[in-house]
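The block underneath contains the structure these notes are about, expressed in structure tokens.
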Amino acid sequence: MIPLNRTFILFLSFLALSCKHDSPIVFQDSPGEKYRPEYHFTPSEGWMNDPNGLVYLDGEYHLFYQFYPDSSVWGPMHWGHAVSNDLVNWENLPIALEPDSLGYIFSGSAVIDIDNNSGFGTEENPPMVAIFTYHDMNGERSGAKDYQSQGIAYSVDKGRTWTKYKENPVLLNQGIKDFRDPKVSRITDSDGNQLWMMTLAVMDRIQFYSSPDLIHWKYESEFGLGIGAHGGVWECPDLLPFKTKSGETKWVLLVSINPGGPQMGSATQYFIGDFQNGVFTPDDQMIRWLDYGPDNYAGVTWSNLPQEQDRTVLIGWMSNWLYAQSVPTESWRSAMTIPRELSLFDVEGTLLLKSAPAKEVDLLRKASYKLSDKISALPSQSVEIKAEIENDFSIQFTNDLGEKLAIFKTGGLVTVDRSLAGQNTFHPDFGASNSAPMSWNASKIRIFLDASSVEVFINDGELVVTSLIFPTESFNTIQVLNGVENVEIFDLKK
Ligand code: FRU
């Protein structure tokens with residue numbers, strides 16, 4: 001289906017204006033605009049999925065993304081591009097990478113090749129290098145198995161223009177059809193040498209490849225067979241070092257999986273362990289989820305953040321392959337989550353990963369209100385709610401049509417119930433009530449509501465539930481039912 005694009009609609013409105021009409025002309029934005037978020041990144045039109053090439057350079061956070069500009073359903077993949085200097089206000093830039101004779105440009109990462117190991121730039125002006133998957137549609141159609149390979153491209157002007165490496169692909173497929181989503185990071189090996197490490201999703205496992213120059217890649221090891229969740233294909237990995245409280249380094253391996261998530265469809269699991277000499281060894285066999293909601297997928301982290309930031313920041317695709325292509329937004333599809341800072345925490349001796357809203361999200365706060373009653377009107381449909389909670393609590397948002405979004409914890413389960421929260425007939429599984437186990441105490445909550453999403457962070461992100469919602473009319477009332485104190489409401493409308 002080719003959607004009406006916005007320029008075309010504006011053009012039609014202009015034509016209408018230039019004709020003589022007796023009745024007043026009403027300008028209408030594209031259908032589905034009422035669900036356009038206020039403070040989450042969306043493509044201006046067309047289809048978007050995974051965040052790609054997250055990299056920081058000279059004050060700019062780059063966000064590349066899987067993009068099909070000609071339709072609002074998935075198609076020939078490009079890398080769209082946006083930049084921000086605060087992770088919450090984004091400027092759209094021209095498309096960075098387009099499909100070519102080797103195939104569509106699937107997900108991948110970007111690094112700053114600081115010592116110019118690749119030779120694509122100079123030491124004074126180190127290149128930005130993108131490492132991505134080529135997906136050859138003809139190969140796929142012909143029944144071949146080796147139609148995904150890894151390619152690279154570089155930019156010497158801060159990501160504005162790109163040159164594809166002339167000898168692509170740089171990593172050939174050995175006959176495994178799912179062979180994709182390279183996430184490259186700079187690693188120091190046990191001899192103190194710096195090298196590039198690629199974490200690659202290969203069907204039902206992760207493979208690691210190392211390189212001195214981003215061009216020549218050597219197989220190191222693989223991880224994952226028989227470990228973790230395996231209800232679907234492994235995709236979009238990331239490998240991250242963290243310091244524990246005792247000063248020890250622990251490695252976290254993020255692995256998105258589709259389907260097979262805790263709420264059906266897509267989700268991101270993670271493993272905690274050690275990474276040495278190109279080998280990842282998990283501490284245990286436990287299955288852990290980054291976000292228990294149905295709508296945070298393919299999240300990866302920014303590379304090259306200045307050392308003084310001392311943090312790991314992730315953004316995810318706020319959707320689910322189950323229904324992403326049928327959500328009621330029409331001329332554009334999909335938003336990113338708010339940016340999140342990842343860190344480790346401990347529950348009775350077990351290490352887990354938490355995702356707190358990045359501190360820049362506070363920049364979005366406009367007016368703030370204290371809730372003096374149990375029920376209050378909302379200043380807009382784009383708000384943050386911050387409150388202290390008891391271990392069992394209950395909050396709900398409603399609109400004048402009686403639609404309701406319920407968020408509560410009871411009996412060790414956190415639930416975000418969107419079954420009565422508006423439109424849900426576009427997919428049989430969308431209207432679910434989603435629950436997540438939380439065996440430890442809840443004490444505070446932050447809820448980020450936008451035109452078509454709700455992100456719930458309990459205890460600064462010790463438990464997170466991200467969900468899309470499509471209320472027929474905006475939620476305009478909050479009601480706290482039990483176990484909620486000191487409620488603050490921040491208007492996030494720009
Ligand atoms: C994950 C994914 C990736 C792939 C991309 C294609 O959502 O399936 O594995 O590279 O989307 O758009």
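The chains in the structure tokens are called A, B, ... from first to last as shown; in each chain the residues are counted from 1, and the ligands are counted from 1 in the order shown.
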
Could you give me, as a Markdown table, a per-residue list for chain A showing, wherever an atom lies at most 8 Å from an atom of ligand 1, the closest pair of atoms and their distance in Å to one decimal, using only C-alpha atoms and all ligand atoms and sorting by chain then residue number from low to high?
| residue | atom | partner | partner_atom_place_in_ligand_line | distance |
| --- | --- | --- | --- | --- |
| A:Asn49 | CA | ligand 1 | 7 (O) | 6.2 |
| A:Asp50 | CA | ligand 1 | 7 (O) | 5.5 |
| A:Gln66 | CA | ligand 1 | 12 (O) | 5.6 |
| A:Phe67 | CA | ligand 1 | 12 (O) | 7.8 |
| A:Trp74 | CA | ligand 1 | 12 (O) | 7.3 |
| A:Met77 | CA | ligand 1 | 12 (O) | 6.1 |
| A:Ile105 | CA | ligand 1 | 10 (O) | 7.9 |
| A:Phe106 | CA | ligand 1 | 10 (O) | 4.1 |
| A:Ser107 | CA | ligand 1 | 10 (O) | 3.9 |
| A:Gly108 | CA | ligand 1 | 10 (O) | 7.1 |
| A:Thr133 | CA | ligand 1 | 10 (O) | 6.6 |
| A:Arg180 | CA | ligand 1 | 10 (O) | 6.0 |
| A:Asp181 | CA | ligand 1 | 10 (O) | 5.2 |
| A:Ala201 | CA | ligand 1 | 9 (O) | 7.9 |
| A:Trp234 | CA | ligand 1 | 9 (O) | 7.7 |
| A:Glu235 | CA | ligand 1 | 9 (O) | 4.6 |
| A:Cys236 | CA | ligand 1 | 9 (O) | 5.8 |
| A:Ser256 | CA | ligand 1 | 1 (C) | 7.8 |
| A:Asn258 | CA | ligand 1 | 1 (C) | 7.9 |
| A:Tyr297 | CA | ligand 1 | 7 (O) | 7.0 |
| A:Ala298 | CA | ligand 1 | 7 (O) | 5.8 |
| A:Trp321 | CA | ligand 1 | 7 (O) | 7.3 |

Would you mind exporting C-alpha atoms of the selected residues as a PDB file, in the first residue's frame?
ATOM      1  CA  ASN A  49      12.385   0.310  12.228  1.00  0.00           C
ATOM      2  CA  ASP A  50      15.648  -0.292  14.126  1.00  0.00           C
ATOM      3  CA  GLN A  66      16.131   1.517   9.114  1.00  0.00           C
ATOM      4  CA  PHE A  67      14.074   3.571   6.726  1.00  0.00           C
ATOM      5  CA  TRP A  74       8.696  -2.226   5.392  1.00  0.00           C
ATOM      6  CA  MET A  77      15.955  -0.548   3.473  1.00  0.00           C
ATOM      7  CA  ILE A 105      21.094  -1.701   3.767  1.00  0.00           C
ATOM      8  CA  PHE A 106      20.063  -3.566   6.909  1.00  0.00           C
ATOM      9  CA  SER A 107      20.922  -2.747  10.513  1.00  0.00           C
ATOM     10  CA  GLY A 108      24.398  -2.060  11.802  1.00  0.00           C
ATOM     11  CA  THR A 133      24.389  -5.779   6.613  1.00  0.00           C
ATOM     12  CA  ARG A 180      23.353  -9.723  10.279  1.00  0.00           C
ATOM     13  CA  ASP A 181      23.275  -6.566  12.382  1.00  0.00           C
ATOM     14  CA  ALA A 201      23.647 -12.076  15.089  1.00  0.00           C
ATOM     15  CA  TRP A 234      18.471 -13.519  17.205  1.00  0.00           C
ATOM     16  CA  GLU A 235      19.002  -9.985  15.921  1.00  0.00           C
ATOM     17  CA  CYS A 236      20.609  -6.623  16.705  1.00  0.00           C
ATOM     18  CA  SER A 256      17.006  -8.948  20.436  1.00  0.00           C
ATOM     19  CA  ASN A 258      11.814 -12.095  17.229  1.00  0.00           C
ATOM     20  CA  TYR A 297      12.966  -3.781  20.163  1.00  0.00           C
ATOM     21  CA  ALA A 298      16.398  -3.761  18.516  1.00  0.00           C
ATOM     22  CA  TRP A 321       7.106  -6.995  14.468  1.00  0.00           C
TER      23      TRP A 321
END

Neighbour list for Leu342 in chain A as a PDB file with N, CA, C and O atoms, in the first residue's frame, cut-off 6 Å, only C-alpha atoms, skip fewer than 3 positions in-chain:
ATOM      1  N   THR A 312      26.261   4.661  29.534  1.00  0.00           N
ATOM      2  CA  THR A 312      25.901   3.856  28.372  1.00  0.00           C
ATOM      3  C   THR A 312      24.464   4.214  28.030  1.00  0.00           C
ATOM      4  O   THR A 312      23.576   4.060  28.870  1.00  0.00           O
ATOM      5  N   LYS A 354      19.508  -2.258  34.586  1.00  0.00           N
ATOM      6  CA  LYS A 354      18.377  -1.332  34.612  1.00  0.00           C
ATOM      7  C   LYS A 354      18.508  -0.281  33.530  1.00  0.00           C
ATOM      8  O   LYS A 354      19.609  -0.006  33.057  1.00  0.00           O
ATOM      9  N   SER A 355      17.373   0.283  33.126  1.00  0.00           N
ATOM     10  CA  SER A 355      17.345   1.300  32.067  1.00  0.00           C
ATOM     11  C   SER A 355      16.588   2.505  32.603  1.00  0.00           C
ATOM     12  O   SER A 355      15.363   2.489  32.640  1.00  0.00           O
TER      13      SER A 355
END

**Message:** So that I can see what lies close to Asn441 in chain A, please list as a list in words the residues with an atom at most 9 Å from it, counting only C-alpha atoms and leaving out residues fewer than 6 positions away in the same chain.
**Reply:**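 Within the cut-off, the hits are Glu390, Asn391, Asp392, Gly412 and Asn459 of chain A.
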
Just to be explicit: take each residue in the selection above, keep C-alpha atoms, and write the result as an mmCIF file, in the first residue's frame.
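So the final result, stored in again05.cif, reads:
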data_model
loop_
_atom_site.group_PDB
_atom_site.id
_atom_site.type_symbol
_atom_site.label_atom_id
_atom_site.label_comp_id
_atom_site.auth_asym_id
_atom_site.auth_seq_id
_atom_site.Cartn_x
_atom_site.Cartn_y
_atom_site.Cartn_z
ATOM 1 C CA GLU A 390 3.974 1.375 47.691
ATOM 2 C CA ASN A 391 4.727 -2.144 46.707
ATOM 3 C CA ASP A 392 1.140 -2.562 45.548
ATOM 4 C CA GLY A 412 4.728 -9.346 42.565
ATOM 5 C CA ASN A 459 12.669 2.298 40.718
#

**Message:** Which residues are near Pro76 in chain A? Cut-off 7 Å, only C-alpha atoms, ignore same chain within fewer than 2 positions. Put them as an NGL selection string.
**Reply:** :A and (68 or 78 or 99 or 104)

Writing out the chosen residues with N, CA and C atoms as a PDB file, in the first residue's frame:
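Dumped to again.pdb:
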ATOM      1  N   TYR A  68      12.341   3.197   5.078  1.00  0.00           N
ATOM      2  CA  TYR A  68      11.847   3.056   3.711  1.00  0.00           C
ATOM      3  C   TYR A  68      10.999   4.288   3.430  1.00  0.00           C
ATOM      4  N   HIS A  78      16.930   1.631   3.658  1.00  0.00           N
ATOM      5  CA  HIS A  78      17.938   2.687   3.602  1.00  0.00           C
ATOM      6  C   HIS A  78      18.367   2.945   5.048  1.00  0.00           C
ATOM      7  N   PRO A  99      20.094   1.618  -0.831  1.00  0.00           N
ATOM      8  CA  PRO A  99      20.379   0.277  -1.367  1.00  0.00           C
ATOM      9  C   PRO A  99      21.224   0.391  -2.646  1.00  0.00           C
ATOM     10  N   TYR A 104      19.848  -4.354  -0.063  1.00  0.00           N
ATOM     11  CA  TYR A 104      19.296  -3.368   0.875  1.00  0.00           C
ATOM     12  C   TYR A 104      20.318  -3.146   1.984  1.00  0.00           C
TER      13      TYR A 104
END

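With distances restricted to only C-alpha atoms, A:Glu384 is the closest residue to Phe448 in chain A from A:Asp362, A:Glu124, A:Glu98, A:Glu384.
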
**Asked** In Å to one decimal, how far is CA of Leu240 in chain A from CA of Val300 in chain A?
**Response** 9.9 Å

Report as a tab-separated table (two decimals) with N, CA and C atoms, in the first residue's frame all protein, DNA and RNA residues lying within 8 Å of range 208-211 of chain A, evaluated on only C-alpha atoms, omitting residues in the same chain fewer than 6 positions from it.
chain	number	residue	atom	x	y	z
A	195	LEU	N	41.60	-3.21	19.66
A	195	LEU	CA	41.16	-3.78	18.40
A	195	LEU	C	39.66	-3.57	18.23
A	196	TRP	N	39.18	-3.77	17.03
A	196	TRP	CA	37.75	-3.63	16.75
A	196	TRP	C	37.09	-4.98	16.92
A	197	MET	N	35.97	-5.01	17.64
A	197	MET	CA	35.26	-6.27	17.84
A	197	MET	C	33.86	-6.14	17.27
A	198	MET	N	33.51	-7.08	16.40
A	198	MET	CA	32.15	-7.08	15.83
A	198	MET	C	31.32	-8.16	16.54
A	199	THR	N	30.14	-7.76	17.01
A	199	THR	CA	29.18	-8.70	17.59
A	199	THR	C	28.09	-8.88	16.54
A	200	LEU	N	27.90	-10.10	16.08
A	200	LEU	CA	27.02	-10.32	14.93
A	200	LEU	C	25.95	-11.36	15.28
A	217	TRP	N	38.32	-8.98	8.77
A	217	TRP	CA	37.67	-9.51	9.97
A	217	TRP	C	38.05	-10.97	10.19
A	218	LYS	N	38.34	-11.29	11.45
A	218	LYS	CA	38.75	-12.65	11.81
A	218	LYS	C	37.74	-13.24	12.79
A	219	TYR	N	37.28	-14.44	12.51
A	219	TYR	CA	36.32	-15.11	13.40
A	219	TYR	C	36.97	-15.40	14.74
A	220	GLU	N	36.28	-15.10	15.84
A	220	GLU	CA	36.84	-15.36	17.17
A	220	GLU	C	36.12	-16.51	17.88
A	221	SER	N	34.79	-16.37	17.99
A	221	SER	CA	34.07	-17.41	18.75
A	221	SER	C	32.57	-17.24	18.53
A	222	GLU	N	31.80	-18.15	19.09
A	222	GLU	CA	30.35	-17.94	19.05
A	222	GLU	C	29.75	-18.29	20.40
A	278	GLY	N	38.08	-12.47	22.99
A	278	GLY	CA	37.09	-12.74	21.94
A	278	GLY	C	36.04	-13.78	22.32
A	279	VAL	N	35.97	-14.14	23.61
A	279	VAL	CA	35.01	-15.17	24.01
A	279	VAL	C	34.10	-14.62	25.12

**Message:** Taking only C-alpha atoms into account, name the residue in A:Met264, A:Glu348, A:Pro126, A:Lys359 that is nearest to Gln309 in chain A.
**Reply:**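 Closest to Gln309 in chain A of all the choices is A:Lys359.
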
**Message:** So that I can see what lies close to His40 in chain A, please list as a PyMOL selection string the residues with an atom at most 9 Å from it, counting only C-alpha atoms and leaving out residues fewer than 2 positions away in the same chain.
**Reply:** chain A and resi 36-38+42+88-89+335-338+450

**Message:** If DSSP is run on the backbone, what residues of range 153-196 of chain A are strand (DSSP E or B)? A reply as a ChimeraX atom specification would be ideal.
**Reply:** /A:153-155,163-164,171,180-188,194-196

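Distance check against Ala324 in chain A using only C-alpha atoms: of A:Pro127, A:Pro294, A:Gly159, A:Pro182, the minimum falls on A:Pro294.
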
**Request:** Go ahead and compute the interatomic distance for CA of Tyr35 in chain A and CA of Asn52 in chain A, in Å to one decimal.
**Result:** 23.7 Å

**Request:** Find the residue from A:Glu462, A:Glu91, A:Asp86, A:Asp189 that sits nearest to Tyr292 in chain A; use only C-alpha atoms when measuring.
**Result:**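 Checking each candidate against Tyr292 in chain A, we get A:Glu462 as the closest.
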
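The shell of residues at most 10 Å from Pro328 in chain A, with only C-alpha atoms counted and near chain neighbours (fewer than 3 positions) removed, consists of Pro31, Gly32, Glu33, Lys34, Tyr35, Ala324, Gln325, Ser331, Trp332, Arg333, Gln423, Asn424, Thr425, Phe426, Ser452 and Phe470 of chain A.
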
How about saving the chosen residues, N, CA, C and O atoms kept, as an mmCIF file, in the first residue's frame?
data_model
loop_
_atom_site.group_PDB
_atom_site.id
_atom_site.type_symbol
_atom_site.label_atom_id
_atom_site.label_comp_id
_atom_site.auth_asym_id
_atom_site.auth_seq_id
_atom_site.Cartn_x
_atom_site.Cartn_y
_atom_site.Cartn_z
ATOM 1 N N PRO A 31 -3.800 11.529 7.560
ATOM 2 C CA PRO A 31 -4.494 10.667 8.510
ATOM 3 C C PRO A 31 -3.463 10.069 9.462
ATOM 4 O O PRO A 31 -2.339 9.791 9.074
ATOM 5 N N GLY A 32 -3.852 9.862 10.677
ATOM 6 C CA GLY A 32 -2.910 9.249 11.610
ATOM 7 C C GLY A 32 -2.037 10.231 12.340
ATOM 8 O O GLY A 32 -1.315 9.874 13.259
ATOM 9 N N GLU A 33 -2.085 11.534 11.964
ATOM 10 C CA GLU A 33 -1.224 12.499 12.630
ATOM 11 C C GLU A 33 -1.564 12.651 14.107
ATOM 12 O O GLU A 33 -0.740 13.099 14.874
ATOM 13 N N LYS A 34 -2.778 12.317 14.482
ATOM 14 C CA LYS A 34 -3.110 12.503 15.894
ATOM 15 C C LYS A 34 -2.267 11.592 16.784
ATOM 16 O O LYS A 34 -2.157 11.823 17.977
ATOM 17 N N TYR A 35 -1.681 10.573 16.178
ATOM 18 C CA TYR A 35 -0.834 9.690 16.983
ATOM 19 C C TYR A 35 0.641 10.053 16.902
ATOM 20 O O TYR A 35 1.485 9.345 17.427
ATOM 21 N N ALA A 324 3.682 -4.098 13.855
ATOM 22 C CA ALA A 324 4.289 -2.794 13.516
ATOM 23 C C ALA A 324 3.748 -2.219 12.206
ATOM 24 O O ALA A 324 3.557 -1.009 12.073
ATOM 25 N N GLN A 325 3.471 -3.108 11.243
ATOM 26 C CA GLN A 325 3.087 -2.610 9.916
ATOM 27 C C GLN A 325 1.600 -2.313 9.799
ATOM 28 O O GLN A 325 1.142 -1.858 8.763
ATOM 29 N N SER A 331 0.622 7.491 7.378
ATOM 30 C CA SER A 331 1.624 8.105 6.490
ATOM 31 C C SER A 331 3.049 7.930 7.021
ATOM 32 O O SER A 331 4.019 8.094 6.308
ATOM 33 N N TRP A 332 3.203 7.636 8.282
ATOM 34 C CA TRP A 332 4.510 7.331 8.877
ATOM 35 C C TRP A 332 4.275 6.160 9.811
ATOM 36 O O TRP A 332 3.159 5.936 10.271
ATOM 37 N N ARG A 333 5.332 5.419 10.054
ATOM 38 C CA ARG A 333 5.144 4.356 11.038
ATOM 39 C C ARG A 333 6.387 4.184 11.894
ATOM 40 O O ARG A 333 7.477 4.061 11.381
ATOM 41 N N GLN A 423 -7.925 2.027 20.193
ATOM 42 C CA GLN A 423 -7.938 1.171 19.007
ATOM 43 C C GLN A 423 -7.042 -0.047 19.212
ATOM 44 O O GLN A 423 -5.885 0.107 19.611
ATOM 45 N N ASN A 424 -7.569 -1.200 18.914
ATOM 46 C CA ASN A 424 -6.732 -2.400 19.008
ATOM 47 C C ASN A 424 -7.171 -3.504 18.048
ATOM 48 O O ASN A 424 -6.623 -4.594 18.062
ATOM 49 N N THR A 425 -8.127 -3.184 17.183
ATOM 50 C CA THR A 425 -8.626 -4.266 16.324
ATOM 51 C C THR A 425 -7.729 -4.492 15.102
ATOM 52 O O THR A 425 -7.958 -5.419 14.341
ATOM 53 N N PHE A 426 -6.706 -3.649 14.931
ATOM 54 C CA PHE A 426 -5.839 -3.821 13.755
ATOM 55 C C PHE A 426 -4.964 -5.075 13.855
ATOM 56 O O PHE A 426 -4.382 -5.502 12.878
ATOM 57 N N SER A 452 0.965 8.248 21.423
ATOM 58 C CA SER A 452 0.676 6.843 21.130
ATOM 59 C C SER A 452 1.606 5.884 21.866
ATOM 60 O O SER A 452 1.918 4.806 21.355
ATOM 61 N N PHE A 470 -3.237 3.407 21.375
ATOM 62 C CA PHE A 470 -3.895 4.247 20.367
ATOM 63 C C PHE A 470 -5.273 4.675 20.859
ATOM 64 O O PHE A 470 -6.309 4.230 20.335
#

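When DSSP reads the backbone of this structure, the residues of range 254-397 of chain A it assigns to helix (DSSP H, G or I) are Gln307, Glu308, Gln309, Ala324, Gln325, Ser326, Lys359, Glu360, Val361, Asp362, Leu363 and Leu364 of chain A.
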
Could you write out that same residue set with all heavy atoms as a tab-separated table (two decimals), in the first residue's frame?
chain	number	residue	atom	x	y	z
A	307	GLN	N	34.46	10.31	27.38
A	307	GLN	CA	34.71	9.56	28.60
A	307	GLN	C	34.08	10.20	29.83
A	307	GLN	O	33.59	9.52	30.73
A	307	GLN	CB	36.20	9.43	28.83
A	307	GLN	CG	36.60	8.00	28.79
A	307	GLN	CD	38.09	7.80	28.76
A	307	GLN	OE1	38.87	8.72	29.04
A	307	GLN	NE2	38.47	6.61	28.39
A	308	GLU	N	34.08	11.55	29.84
A	308	GLU	CA	33.55	12.22	31.04
A	308	GLU	C	32.04	11.97	31.21
A	308	GLU	O	31.51	12.12	32.30
A	308	GLU	CB	33.88	13.72	31.06
A	308	GLU	CG	33.35	14.55	29.90
A	308	GLU	CD	34.28	14.57	28.69
A	308	GLU	OE1	35.17	13.70	28.59
A	308	GLU	OE2	34.09	15.44	27.83
A	309	GLN	N	31.36	11.56	30.16
A	309	GLN	CA	29.93	11.22	30.34
A	309	GLN	C	29.76	9.95	31.16
A	309	GLN	O	28.76	9.75	31.83
A	309	GLN	CB	29.23	11.04	28.98
A	309	GLN	CG	28.98	12.33	28.24
A	309	GLN	CD	27.91	12.16	27.16
A	309	GLN	OE1	27.20	11.15	27.08
A	309	GLN	NE2	27.79	13.16	26.32
A	324	ALA	N	3.68	-4.10	13.86
A	324	ALA	CA	4.29	-2.79	13.52
A	324	ALA	C	3.75	-2.22	12.21
A	324	ALA	O	3.56	-1.01	12.07
A	324	ALA	CB	5.80	-2.95	13.42
A	325	GLN	N	3.47	-3.11	11.24
A	325	GLN	CA	3.09	-2.61	9.92
A	325	GLN	C	1.60	-2.31	9.80
A	325	GLN	O	1.14	-1.86	8.76
A	325	GLN	CB	3.52	-3.61	8.84
A	325	GLN	CG	5.01	-3.90	8.92
A	325	GLN	CD	5.52	-4.66	7.73
A	325	GLN	OE1	5.76	-4.08	6.68
A	325	GLN	NE2	5.66	-5.95	7.89
A	326	SER	N	0.85	-2.59	10.87
A	326	SER	CA	-0.59	-2.29	10.78
A	326	SER	C	-1.07	-1.30	11.83
A	326	SER	O	-2.27	-1.07	11.94
A	326	SER	CB	-1.42	-3.57	10.82
A	326	SER	OG	-0.78	-4.57	11.54
A	359	LYS	N	19.26	11.51	31.46
A	359	LYS	CA	18.99	12.75	32.22
A	359	LYS	C	18.47	13.87	31.33
A	359	LYS	O	17.71	14.73	31.77
A	359	LYS	CB	20.23	13.18	33.00
A	359	LYS	CG	21.43	13.57	32.15
A	359	LYS	CD	22.56	14.02	33.04
A	359	LYS	CE	23.76	14.53	32.29
A	359	LYS	NZ	24.18	13.84	31.08
A	360	GLU	N	18.80	13.84	30.04
A	360	GLU	CA	18.33	14.88	29.12
A	360	GLU	C	16.81	14.90	29.00
A	360	GLU	O	16.24	15.89	28.57
A	360	GLU	CB	18.92	14.68	27.72
A	360	GLU	CG	20.38	15.07	27.59
A	360	GLU	CD	21.33	13.94	27.94
A	360	GLU	OE1	20.89	12.94	28.56
A	360	GLU	OE2	22.53	14.05	27.60
A	361	VAL	N	16.17	13.78	29.33
A	361	VAL	CA	14.71	13.72	29.22
A	361	VAL	C	14.07	14.79	30.12
A	361	VAL	O	13.02	15.35	29.81
A	361	VAL	CB	14.21	12.29	29.55
A	361	VAL	CG1	12.71	12.23	29.62
A	361	VAL	CG2	14.75	11.31	28.50
A	362	ASP	N	14.77	15.14	31.22
A	362	ASP	CA	14.26	16.20	32.12
A	362	ASP	C	14.15	17.55	31.40
A	362	ASP	O	13.37	18.40	31.81
A	362	ASP	CB	15.19	16.39	33.33
A	362	ASP	CG	15.16	15.18	34.25
A	362	ASP	OD1	14.40	14.23	33.96
A	362	ASP	OD2	15.90	15.19	35.25
A	363	LEU	N	14.93	17.73	30.33
A	363	LEU	CA	14.87	19.00	29.59
A	363	LEU	C	13.49	19.22	28.96
A	363	LEU	O	13.14	20.34	28.59
A	363	LEU	CB	15.90	19.01	28.44
A	363	LEU	CG	17.37	18.91	28.82
A	363	LEU	CD1	18.22	18.70	27.56
A	363	LEU	CD2	17.80	20.17	29.55
A	364	LEU	N	12.75	18.12	28.82
A	364	LEU	CA	11.44	18.24	28.17
A	364	LEU	C	10.39	18.83	29.09
A	364	LEU	O	9.32	19.25	28.64
A	364	LEU	CB	10.96	16.85	27.74
A	364	LEU	CG	11.78	16.14	26.66
A	364	LEU	CD1	11.39	14.67	26.60
A	364	LEU	CD2	11.57	16.80	25.31

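Counting from CA of Lys145 in chain A, the distance to CA of Tyr65 in chain A is 25.4 Å.
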